[in-house]
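A.B. asks: This is the content of protein_14.cif (mmCIF, C-alpha atoms):
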```
data_query
#
loop_
_atom_site.label_atom_id
_atom_site.label_comp_id
_atom_site.auth_asym_id
_atom_site.auth_seq_id
_atom_site.Cartn_x
_atom_site.Cartn_y
_atom_site.Cartn_z
CA MET F 1 24.59 -20.21 -1.31
CA THR F 2 25.94 -17.21 0.56
CA ARG F 3 25.32 -16.69 4.26
CA PHE F 4 26.14 -13.76 6.48
CA PRO F 5 28.13 -14.91 9.55
CA GLN F 6 26.27 -15.15 12.84
CA GLY F 7 26.14 -11.75 14.50
CA THR F 8 26.81 -9.76 11.32
CA SER F 9 25.72 -6.17 11.80
CA PHE F 10 24.28 -4.54 8.70
CA THR F 11 25.05 -0.87 8.26
CA VAL F 12 24.64 1.43 5.29
CA ALA F 13 28.37 2.07 5.39
CA ALA F 14 29.05 -1.65 5.07
CA VAL F 15 27.71 -1.88 1.53
CA VAL F 16 28.52 -0.04 -1.64
CA ARG F 17 24.99 -0.13 -3.03
CA THR F 18 22.58 1.92 -0.93
CA VAL F 19 18.87 1.76 -1.72
CA VAL F 20 15.54 2.84 -0.29
CA THR F 21 13.93 -0.39 0.84
CA ASP F 22 10.22 -1.11 0.46
CA CYS F 23 8.40 -3.59 2.71
CA ILE F 24 5.53 -5.95 1.89
CA PHE F 25 3.83 -7.78 4.76
CA TYR F 26 1.62 -10.82 4.27
CA GLY F 27 -0.76 -11.66 7.10
CA GLY F 28 -3.98 -13.48 7.80
CA LYS F 29 -5.53 -16.53 9.42
CA GLY F 30 -3.33 -19.58 9.95
CA GLY F 31 -3.20 -21.98 7.01
CA VAL F 32 -4.47 -19.63 4.29
CA GLY F 33 -1.23 -19.58 2.27
CA LYS F 34 0.70 -16.55 3.55
CA THR F 35 4.05 -18.30 3.07
CA THR F 36 3.14 -19.28 -0.49
CA CYS F 37 2.21 -15.69 -1.33
CA ALA F 38 5.37 -14.29 0.27
CA ALA F 39 7.65 -16.78 -1.51
CA ALA F 40 5.93 -16.23 -4.87
CA THR F 41 6.13 -12.45 -4.49
CA ALA F 42 9.85 -12.64 -3.66
CA LEU F 43 10.49 -14.78 -6.73
CA LYS F 44 8.56 -12.39 -8.94
CA LEU F 45 10.39 -9.32 -7.63
CA ALA F 46 13.82 -10.96 -7.98
CA ALA F 47 12.98 -12.13 -11.50
CA ALA F 48 12.08 -8.52 -12.32
CA GLY F 49 15.55 -7.37 -11.29
CA ARG F 50 14.97 -6.26 -7.70
CA GLU F 51 17.25 -7.31 -4.87
CA THR F 52 14.78 -9.11 -2.62
CA LEU F 53 14.81 -10.56 0.88
CA VAL F 54 11.95 -12.75 2.10
CA VAL F 55 11.66 -13.06 5.88
CA SER F 56 9.61 -15.58 7.86
CA THR F 57 8.58 -14.26 11.28
CA ASP F 58 6.22 -17.19 11.89
CA PRO F 59 7.55 -19.48 14.66
CA ALA F 60 6.13 -22.43 12.67
CA HIS F 61 8.44 -21.89 9.70
CA SER F 62 7.55 -23.33 6.30
CA LEU F 63 9.42 -20.89 4.04
CA ALA F 64 12.30 -23.31 3.48
CA ASP F 65 9.83 -26.03 2.48
CA SER F 66 8.00 -23.66 0.15
CA LEU F 67 11.18 -22.60 -1.64
CA GLU F 68 12.74 -26.07 -1.30
CA ALA F 69 15.92 -24.44 -0.07
CA ASP F 70 18.24 -24.54 2.92
CA ILE F 71 17.42 -21.39 4.89
CA GLY F 72 18.92 -20.39 8.23
CA SER F 73 18.59 -17.68 10.84
CA GLU F 74 20.83 -15.31 8.89
CA PRO F 75 20.02 -13.96 5.39
CA THR F 76 20.93 -16.66 2.89
CA GLU F 77 21.41 -15.95 -0.81
CA LEU F 78 19.53 -18.40 -3.03
CA ALA F 79 19.89 -19.09 -6.73
CA ALA F 80 18.46 -16.11 -8.60
CA PRO F 81 15.31 -16.85 -10.61
CA VAL F 82 16.00 -16.61 -14.35
CA SER F 83 12.38 -16.71 -15.48
CA LEU F 84 8.83 -17.10 -14.26
CA GLU F 85 8.03 -19.31 -17.23
CA ARG F 86 7.18 -22.86 -16.24
CA SER F 87 8.31 -24.63 -19.39
CA ASP F 88 11.44 -26.79 -19.46
CA THR F 89 12.99 -24.46 -22.02
CA ALA F 90 13.21 -21.66 -19.45
CA THR F 91 16.56 -22.78 -18.11
CA ALA F 92 18.55 -19.69 -19.00
CA PRO F 93 17.74 -16.01 -19.59
CA ALA F 94 17.46 -14.76 -23.12
CA ALA F 95 20.26 -12.55 -24.39
CA ASN F 96 18.10 -9.42 -24.29
CA THR F 97 16.50 -10.20 -20.91
CA ASP F 98 17.24 -7.88 -18.01
CA PRO F 99 19.32 -9.66 -15.37
CA ALA F 100 17.45 -10.96 -12.37
CA GLY F 101 18.00 -9.45 -8.97
CA GLY F 102 19.33 -11.39 -6.02
CA LEU F 103 17.01 -13.53 -3.93
CA TRP F 104 17.68 -13.89 -0.21
CA ALA F 105 15.72 -15.64 2.52
CA VAL F 106 15.82 -15.91 6.32
CA GLU F 107 13.77 -17.61 9.03
CA ILE F 108 13.89 -15.86 12.41
CA ASP F 109 14.56 -18.62 14.92
CA PRO F 110 13.60 -18.79 18.63
CA GLU F 111 17.24 -18.37 19.70
CA THR F 112 17.45 -15.05 17.88
CA GLN F 113 14.25 -13.94 19.61
CA ARG F 114 15.56 -14.96 23.04
CA GLU F 115 18.93 -13.24 22.54
CA ARG F 116 17.38 -9.92 21.57
CA TYR F 117 14.92 -9.99 24.47
CA GLU F 118 17.65 -11.02 26.90
CA LYS F 119 19.86 -8.10 25.81
CA LEU F 120 17.09 -5.70 26.79
CA ALA F 121 16.61 -7.48 30.14
CA ARG F 122 20.34 -7.21 30.89
CA ALA F 123 20.30 -3.45 30.31
CA LEU F 124 17.35 -3.05 32.67
CA ALA F 125 19.02 -5.31 35.26
CA ALA F 126 22.12 -3.12 35.18
CA ASP F 127 19.99 -0.11 36.08
CA LEU F 128 18.41 -1.97 39.00
CA ARG F 129 21.86 -2.91 40.30
CA SER F 130 22.89 0.75 40.21
CA ALA F 131 20.07 1.43 42.71
CA GLY F 132 21.16 -1.41 44.96
CA ILE F 133 18.54 -3.91 43.71
CA SER F 134 20.42 -7.10 42.98
CA LEU F 135 19.61 -8.99 39.77
CA SER F 136 22.61 -10.99 38.66
CA ASP F 137 23.39 -12.25 35.16
CA ALA F 138 22.58 -15.77 36.36
CA GLU F 139 19.15 -14.61 37.53
CA VAL F 140 18.53 -12.92 34.19
CA LYS F 141 19.41 -16.20 32.46
CA ARG F 142 16.90 -18.07 34.63
CA LEU F 143 14.17 -15.76 33.32
CA PHE F 144 14.75 -17.36 29.91
CA ALA F 145 15.42 -20.93 31.06
CA THR F 146 12.10 -22.17 29.66
CA GLY F 147 12.53 -20.42 26.33
CA ALA F 148 11.72 -17.04 24.84
CA PRO F 149 8.99 -15.16 26.75
CA ALA F 150 5.74 -14.02 25.16
CA GLY F 151 6.27 -11.14 22.77
CA SER F 152 9.90 -11.96 22.04
CA ASP F 153 9.15 -13.06 18.48
CA GLU F 154 7.47 -9.71 17.76
CA ILE F 155 10.36 -7.79 19.35
CA ALA F 156 12.89 -9.74 17.29
CA ALA F 157 10.88 -9.15 14.11
CA LEU F 158 10.72 -5.39 14.70
CA ASP F 159 14.40 -5.19 15.60
CA LEU F 160 15.38 -7.14 12.50
CA LEU F 161 13.00 -5.10 10.33
CA VAL F 162 15.01 -1.99 11.12
CA GLU F 163 18.31 -3.85 10.78
CA TYR F 164 17.49 -5.26 7.35
CA VAL F 165 16.01 -2.01 6.03
CA ASP F 166 18.97 0.04 7.23
CA ALA F 167 21.38 -2.44 5.62
CA GLY F 168 20.65 -0.72 2.30
CA LYS F 169 21.18 -4.01 0.48
CA TRP F 170 17.66 -4.93 -0.66
CA ASP F 171 15.13 -3.10 -2.82
CA THR F 172 12.23 -4.97 -1.24
CA ILE F 173 11.78 -7.03 1.91
CA VAL F 174 8.81 -9.42 1.94
CA PHE F 175 7.58 -10.55 5.37
CA ASP F 176 5.72 -13.80 5.94
CA THR F 177 4.08 -13.07 9.29
CA ALA F 178 2.60 -15.36 11.91
CA PRO F 179 -1.19 -15.88 12.14
CA THR F 180 -3.48 -12.94 12.92
CA GLY F 181 -3.00 -12.75 16.71
CA HIS F 182 0.79 -12.62 16.44
CA THR F 183 0.57 -10.10 13.61
CA LEU F 184 -1.59 -7.71 15.60
CA ARG F 185 0.86 -7.92 18.52
CA LEU F 186 3.67 -7.17 16.07
CA PHE F 187 2.04 -3.91 15.01
CA ASP F 188 0.97 -3.00 18.56
CA MET F 189 4.41 -3.73 20.02
CA PRO F 190 6.16 -0.39 19.23
CA GLU F 191 3.55 1.59 21.16
CA VAL F 192 3.11 -0.89 24.03
CA LEU F 193 6.81 -1.52 24.56
CA GLY F 194 7.61 2.14 23.99
CA LEU F 195 5.42 3.09 26.97
CA ALA F 196 7.08 0.40 29.08
CA LEU F 197 10.53 1.67 28.16
CA GLU F 198 9.53 5.22 29.01
CA THR F 199 8.48 4.00 32.47
CA ALA F 200 11.70 2.03 32.83
CA ARG F 201 13.77 5.05 31.85
CA SER F 202 11.92 7.19 34.41
CA LEU F 203 12.56 4.61 37.16
CA ARG F 204 16.16 4.30 36.02
CA GLY F 205 16.63 8.05 36.29
CA GLN F 206 15.23 8.03 39.83
CA ALA F 207 17.44 5.07 40.74
CA LYS F 208 20.53 6.80 39.44
CA ARG F 209 19.74 9.98 41.34
CA ILE F 210 19.29 7.97 44.57
CA GLY F 211 22.55 6.13 43.90
CA ASN F 212 24.44 9.32 43.15
CA ALA F 213 23.07 11.01 46.29
CA ALA F 214 24.10 8.01 48.41
CA ARG F 215 27.63 8.01 46.96
CA THR F 216 27.96 11.75 47.55
CA ALA F 217 26.78 11.40 51.18
CA VAL F 218 29.27 8.61 51.89
CA LEU F 219 32.27 9.59 49.78
CA GLY F 220 31.88 13.33 49.46
CA PRO F 221 34.06 14.82 46.69
CA MET F 222 35.61 11.38 46.06
CA SER F 223 32.27 10.26 44.59
CA MET F 224 33.21 12.13 41.40
CA MET F 225 36.09 9.69 40.93
CA THR F 226 34.00 6.52 41.00
CA GLY F 227 32.85 6.87 37.41
CA ASN F 228 29.44 6.20 35.94
CA SER F 229 29.06 4.26 32.71
CA ASP F 230 26.26 5.25 30.35
CA ASP F 231 26.56 2.12 28.21
CA GLU F 232 23.25 0.71 29.46
CA ASP F 233 21.58 4.09 29.01
CA GLU F 234 22.73 4.21 25.40
CA SER F 235 21.57 0.62 24.90
CA LEU F 236 18.05 1.32 26.12
CA GLU F 237 17.78 4.56 24.18
CA ALA F 238 19.07 2.86 21.03
CA PHE F 239 16.53 0.07 21.45
CA GLN F 240 13.69 2.55 21.90
CA ALA F 241 14.90 4.50 18.86
CA ARG F 242 14.78 1.31 16.77
CA LEU F 243 11.22 0.63 17.95
CA GLU F 244 10.17 4.14 16.98
CA ARG F 245 11.83 3.72 13.60
CA ALA F 246 10.04 0.39 13.13
CA ARG F 247 6.75 2.10 13.93
CA ASP F 248 7.49 4.83 11.38
CA LEU F 249 8.23 2.20 8.72
CA LEU F 250 5.07 0.20 9.46
CA VAL F 251 2.75 3.18 8.94
CA ASP F 252 4.59 4.76 5.98
CA PRO F 253 2.42 4.20 2.86
CA ALA F 254 5.34 5.18 0.62
CA ARG F 255 7.48 2.34 2.00
CA THR F 256 5.14 -0.31 3.41
CA GLU F 257 2.14 -2.30 2.23
CA PHE F 258 0.22 -4.92 4.19
CA ARG F 259 -1.56 -7.59 2.15
CA VAL F 260 -4.18 -9.76 3.82
CA VAL F 261 -4.41 -13.36 2.60
CA LEU F 262 -7.60 -15.36 3.02
CA THR F 263 -9.47 -18.28 1.51
CA PRO F 264 -13.04 -18.22 0.15
CA GLU F 265 -14.49 -19.42 3.45
CA SER F 266 -16.75 -17.60 5.92
CA MET F 267 -14.41 -17.85 8.93
CA ALA F 268 -11.44 -16.55 6.96
CA ILE F 269 -13.51 -13.61 5.68
CA SER F 270 -14.67 -12.70 9.20
CA GLU F 271 -11.15 -12.87 10.64
CA SER F 272 -9.80 -10.81 7.74
CA GLU F 273 -12.40 -8.13 8.42
CA ARG F 274 -11.21 -7.86 12.03
CA LEU F 275 -7.59 -7.80 10.92
CA VAL F 276 -8.13 -5.02 8.39
CA ASP F 277 -10.03 -2.94 10.97
CA ARG F 278 -7.25 -3.31 13.54
CA LEU F 279 -4.52 -2.53 11.02
CA ARG F 280 -6.29 0.61 9.90
CA GLU F 281 -6.77 1.69 13.51
CA ALA F 282 -3.00 1.36 13.89
CA GLY F 283 -2.42 3.41 10.74
CA VAL F 284 -0.96 0.50 8.75
CA PRO F 285 -1.54 0.83 4.97
CA VAL F 286 -3.79 -1.93 3.57
CA GLU F 287 -4.66 -1.81 -0.12
CA ARG F 288 -5.09 -5.41 -1.29
CA LEU F 289 -6.66 -8.70 -0.33
CA LEU F 290 -5.44 -11.95 -1.85
CA VAL F 291 -8.07 -14.67 -1.93
CA ASN F 292 -6.16 -17.94 -2.21
CA ARG F 293 -7.21 -21.43 -3.33
CA VAL F 294 -10.10 -20.35 -5.50
CA LEU F 295 -11.45 -23.20 -7.62
CA GLU F 296 -11.48 -21.79 -11.14
CA ASP F 297 -11.84 -24.73 -13.52
CA PRO F 298 -14.07 -27.48 -12.10
CA TYR F 299 -13.90 -30.87 -13.79
CA GLU F 300 -16.57 -31.57 -16.39
CA GLY F 301 -19.15 -34.01 -15.16
CA CYS F 302 -18.38 -33.32 -11.47
CA PRO F 303 -21.49 -31.89 -9.75
CA ARG F 304 -19.62 -31.55 -6.47
CA CYS F 305 -16.89 -29.53 -8.18
CA ARG F 306 -19.46 -27.22 -9.78
CA SER F 307 -21.18 -26.76 -6.43
CA ARG F 308 -17.87 -25.86 -4.81
CA ARG F 309 -17.08 -23.42 -7.60
CA GLU F 310 -20.47 -21.74 -7.09
CA ARG F 311 -19.79 -21.48 -3.35
CA HIS F 312 -16.42 -19.85 -4.03
CA GLU F 313 -18.04 -17.35 -6.41
CA ALA F 314 -20.55 -16.44 -3.69
CA ARG F 315 -17.75 -16.02 -1.14
CA LEU F 316 -15.82 -13.79 -3.57
CA ALA F 317 -18.91 -11.62 -3.94
CA THR F 318 -19.04 -11.38 -0.13
CA VAL F 319 -15.35 -10.39 0.01
CA ARG F 320 -15.87 -7.63 -2.56
CA SER F 321 -18.93 -6.26 -0.78
CA THR F 322 -17.22 -6.43 2.64
CA PHE F 323 -14.10 -4.64 1.39
CA PRO F 324 -15.36 -2.31 -1.39
CA ASP F 325 -12.34 -0.02 -1.18
CA LEU F 326 -9.69 -2.77 -1.45
CA GLU F 327 -8.30 -4.45 -4.54
CA VAL F 328 -9.21 -8.15 -4.52
CA VAL F 329 -6.73 -10.52 -6.18
CA THR F 330 -7.73 -14.16 -6.69
CA LEU F 331 -5.21 -17.00 -6.71
CA PRO F 332 -6.06 -20.42 -8.15
CA GLU F 333 -6.32 -23.64 -6.21
CA LEU F 334 -3.56 -25.97 -7.40
CA GLU F 335 -3.39 -29.72 -7.19
CA GLY F 336 -1.13 -30.88 -4.38
CA GLU F 337 1.18 -28.72 -2.28
CA VAL F 338 2.61 -25.50 -3.63
CA ARG F 339 6.29 -26.32 -3.21
CA GLY F 340 9.27 -25.41 -5.34
CA ARG F 341 9.74 -22.74 -7.94
CA GLU F 342 7.69 -24.37 -10.66
CA SER F 343 4.45 -24.35 -8.69
CA LEU F 344 5.27 -21.01 -7.06
CA ALA F 345 5.63 -19.54 -10.56
CA VAL F 346 1.88 -20.15 -11.13
CA ILE F 347 1.08 -18.02 -8.08
CA ALA F 348 3.80 -15.48 -8.93
CA GLU F 349 2.06 -14.75 -12.25
CA ARG F 350 -0.98 -13.53 -10.35
CA VAL F 351 0.40 -11.76 -7.25
CA PRO F 352 1.02 -8.02 -7.52
CA ALA F 353 4.69 -7.06 -7.75
#
```
Give the structure from this file in structure tokens form.

C.D. replies:
Amino acid sequence: MTRFPQGTSFTVAAVVRTVVTDCIFYGGKGGVGKTTCAAATALKLAAAGRETLVVSTDPAHSLADSLEADIGSEPTELAAPVSLERSDTATAPAANTDPAGGLWAVEIDPETQRERYEKLARALAADLRSAGISLSDAEVKRLFATGAPAGSDEIAALDLLVEYVDAGKWDTIVFDTAPTGHTLRLFDMPEVLGLALETARSLRGQAKRIGNAARTAVLGPMSMMTGNSDDEDESLEAFQARLERARDLLVDPARTEFRVVLTPESMAISESERLVDRLREAGVPVERLLVNRVLEDPYEGCPRCRSRRERHEARLATVRSTFPDLEVVTLPELEGEVRGRESLAVIAERVPA
């Protein structure tokens, strides 16, 4: 396996191969199989020759378990899939088979979230100090003593979205998002935090003018010799620029697709309807629904199985009538957990590339 060192900064100049990166987001109610869909999609794309990164933004990570691989908080290169066939003979690619692309995976950890949020807090604290309002580094640290504050996972996800896309290394990035509430905050965050940063920048400008006026009154012409670093200003502006770029990526139908995952159950259908409405209000492209764990082949002589199959068919009819303008993809219910490449290959055959 290959790992990028902690703190590696991805830039287009840092790689020879520059590509336009597409993004696929999987979201939905907790426990419907978003991680399975994301992992299967990543395997399918890599097997088709695309350099693929799958990212888990869900604090309750299960991507490593799904892929049965050691995955860390930095992009980790996994063994490239050689085939989506599930037979034992598919151990090596045929001579005339196109080579598979690389498969990478990463789980965004709480420490990464805290560090990125704390960096923003430090920049704001520096501005307050310039106006004579004391907020030391130790006090900033105490703000995070009990862990990452609310919203930090969404901020980290947006920041890393831009970082990974701008790396120019991957053809497609597949995101396994947290349950619906977290996902909606993720897509609302650029606008909400953007307004907060605008307010902070306005207050900062006023603080700097007060500070400059005070220095001039006390020191006169010598105030010009005291210097005035703009490092924090550049940091805040750069952060806001990344948020705006993240927002542009999220609503770009040529680059981004959001796929809602649900199960053939009433509660999942209702929550998916709310999610699709909110995403569309935010301008996020939604074209497909993936209905997971559909019972397709009930056992002969099992009345309960037939009854369950009939209920699933009725729920699928409800899904299609509720979302008439969306493509509905059904995924089969498998026996046991969907773990490892063999079982993921069954799902990969059915998910859109």

A.B. asks: Taking the file as shown, what set of residues would the PyMOL selection byres ((chain F and resi 73) around 8) give back, as a PyMOL selection string?

C.D. replies: chain F and resi 71-72+74-75+106-109+112

A.B. asks: Taking 4 positions as the minimum chain separation for residues in the same chain, which residues sit within 9 Å of segment 33-40 of chain F when counting all atoms listed in the file? Answer as a ChimeraX atom specification.

C.D. replies: /F:24-29,44-45,54-56,61-63,66-67,174-179,260-263,290,292-293,338-339,341,344-349,351

A.B. asks: In Å to one decimal, how far is atom CA of Val291 of chain F from atom CA of Pro303 of chain F?

C.D. replies: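 Pair atom CA of Pro303 of chain F / atom CA of Val291 of chain F returns 23.2 Å.
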
A.B. asks: Kindly resolve the PyMOL selection byres ((chain F and resi 242-255) around 6) on the present coordinates and return the residues as a list in words.

C.D. replies: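 For this structure, the PyMOL selection byres ((chain F and resi 242-255) around 6) resolves to Asp22, Val162, Pro190, Phe239, Gln240, Ala241, Thr256, Gly283, Val284 and Pro285 of chain F.
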
A.B. asks: Taking 2 positions as the minimum chain separation for residues in the same chain, which residues sit within 6 Å of Ala46 of chain F when counting all atoms listed in the file? Answer as a PDB file with C-alpha atoms, in the frame of the given file.

C.D. replies:
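This went into around-v1.pdb:
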```pdb
ATOM      1  CA  LEU F  43      10.490 -14.780  -6.730  1.00  0.00           C
ATOM      2  CA  LYS F  44       8.560 -12.390  -8.940  1.00  0.00           C
ATOM      3  CA  ALA F  48      12.080  -8.520 -12.320  1.00  0.00           C
ATOM      4  CA  GLY F  49      15.550  -7.370 -11.290  1.00  0.00           C
ATOM      5  CA  ARG F  50      14.970  -6.260  -7.700  1.00  0.00           C
ATOM      6  CA  GLU F  51      17.250  -7.310  -4.870  1.00  0.00           C
ATOM      7  CA  THR F  52      14.780  -9.110  -2.620  1.00  0.00           C
ATOM      8  CA  ALA F 100      17.450 -10.960 -12.370  1.00  0.00           C
ATOM      9  CA  GLY F 101      18.000  -9.450  -8.970  1.00  0.00           C
ATOM     10  CA  GLY F 102      19.330 -11.390  -6.020  1.00  0.00           C
ATOM     11  CA  LEU F 103      17.010 -13.530  -3.930  1.00  0.00           C
TER      12      LEU F 103
END
```

A.B. asks: Using atom CA of Glu68 of chain F and atom CA of Glu337 of chain F as the two end points, give the distance in Å to one decimal.

C.D. replies: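 Distance reported for this atom pair: 11.9 Å.
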
A.B. asks: Tell me, in Å to one decimal, how far atom CA of Asp297 of chain F is from atom CA of Arg309 of chain F.

C.D. replies: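 Interatomic distance, atom CA of Asp297 of chain F to atom CA of Arg309 of chain F: 8.0 Å.
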
A.B. asks: Rank F:Ser343, F:Glu257, F:Glu333, F:Ala64 by their smallest atom-to-atom distance to Arg280 of chain F, using all atoms listed in the file, and report the top residue only.

C.D. replies: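 Answer, going by the shortest atom-to-atom distance: F:Glu257.
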
A.B. asks: Between F:Gly31, F:Gly336, F:Gly168, F:Pro264, which is the closest to Arg311 of chain F once you count all atoms listed in the file?

C.D. replies: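 Checking each candidate against Arg311 of chain F, we get F:Pro264 as the closest.
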
A.B. asks: When you count only C-alpha atoms, which of these residues is closest to Ala156 of chain F: F:Thr57, F:Val319, F:Glu237, F:Leu275?

C.D. replies: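 Counting only C-alpha atoms, the residue closest to Ala156 of chain F is F:Thr57.
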
A.B. asks: Go through the shown structure with the PyMOL selection byres ((chain F and resi 296) around 10) and write out the matching residues as a PyMOL selection string.

C.D. replies: chain F and resi 293-295+297-299+305-306+308-310+312-313+330-334
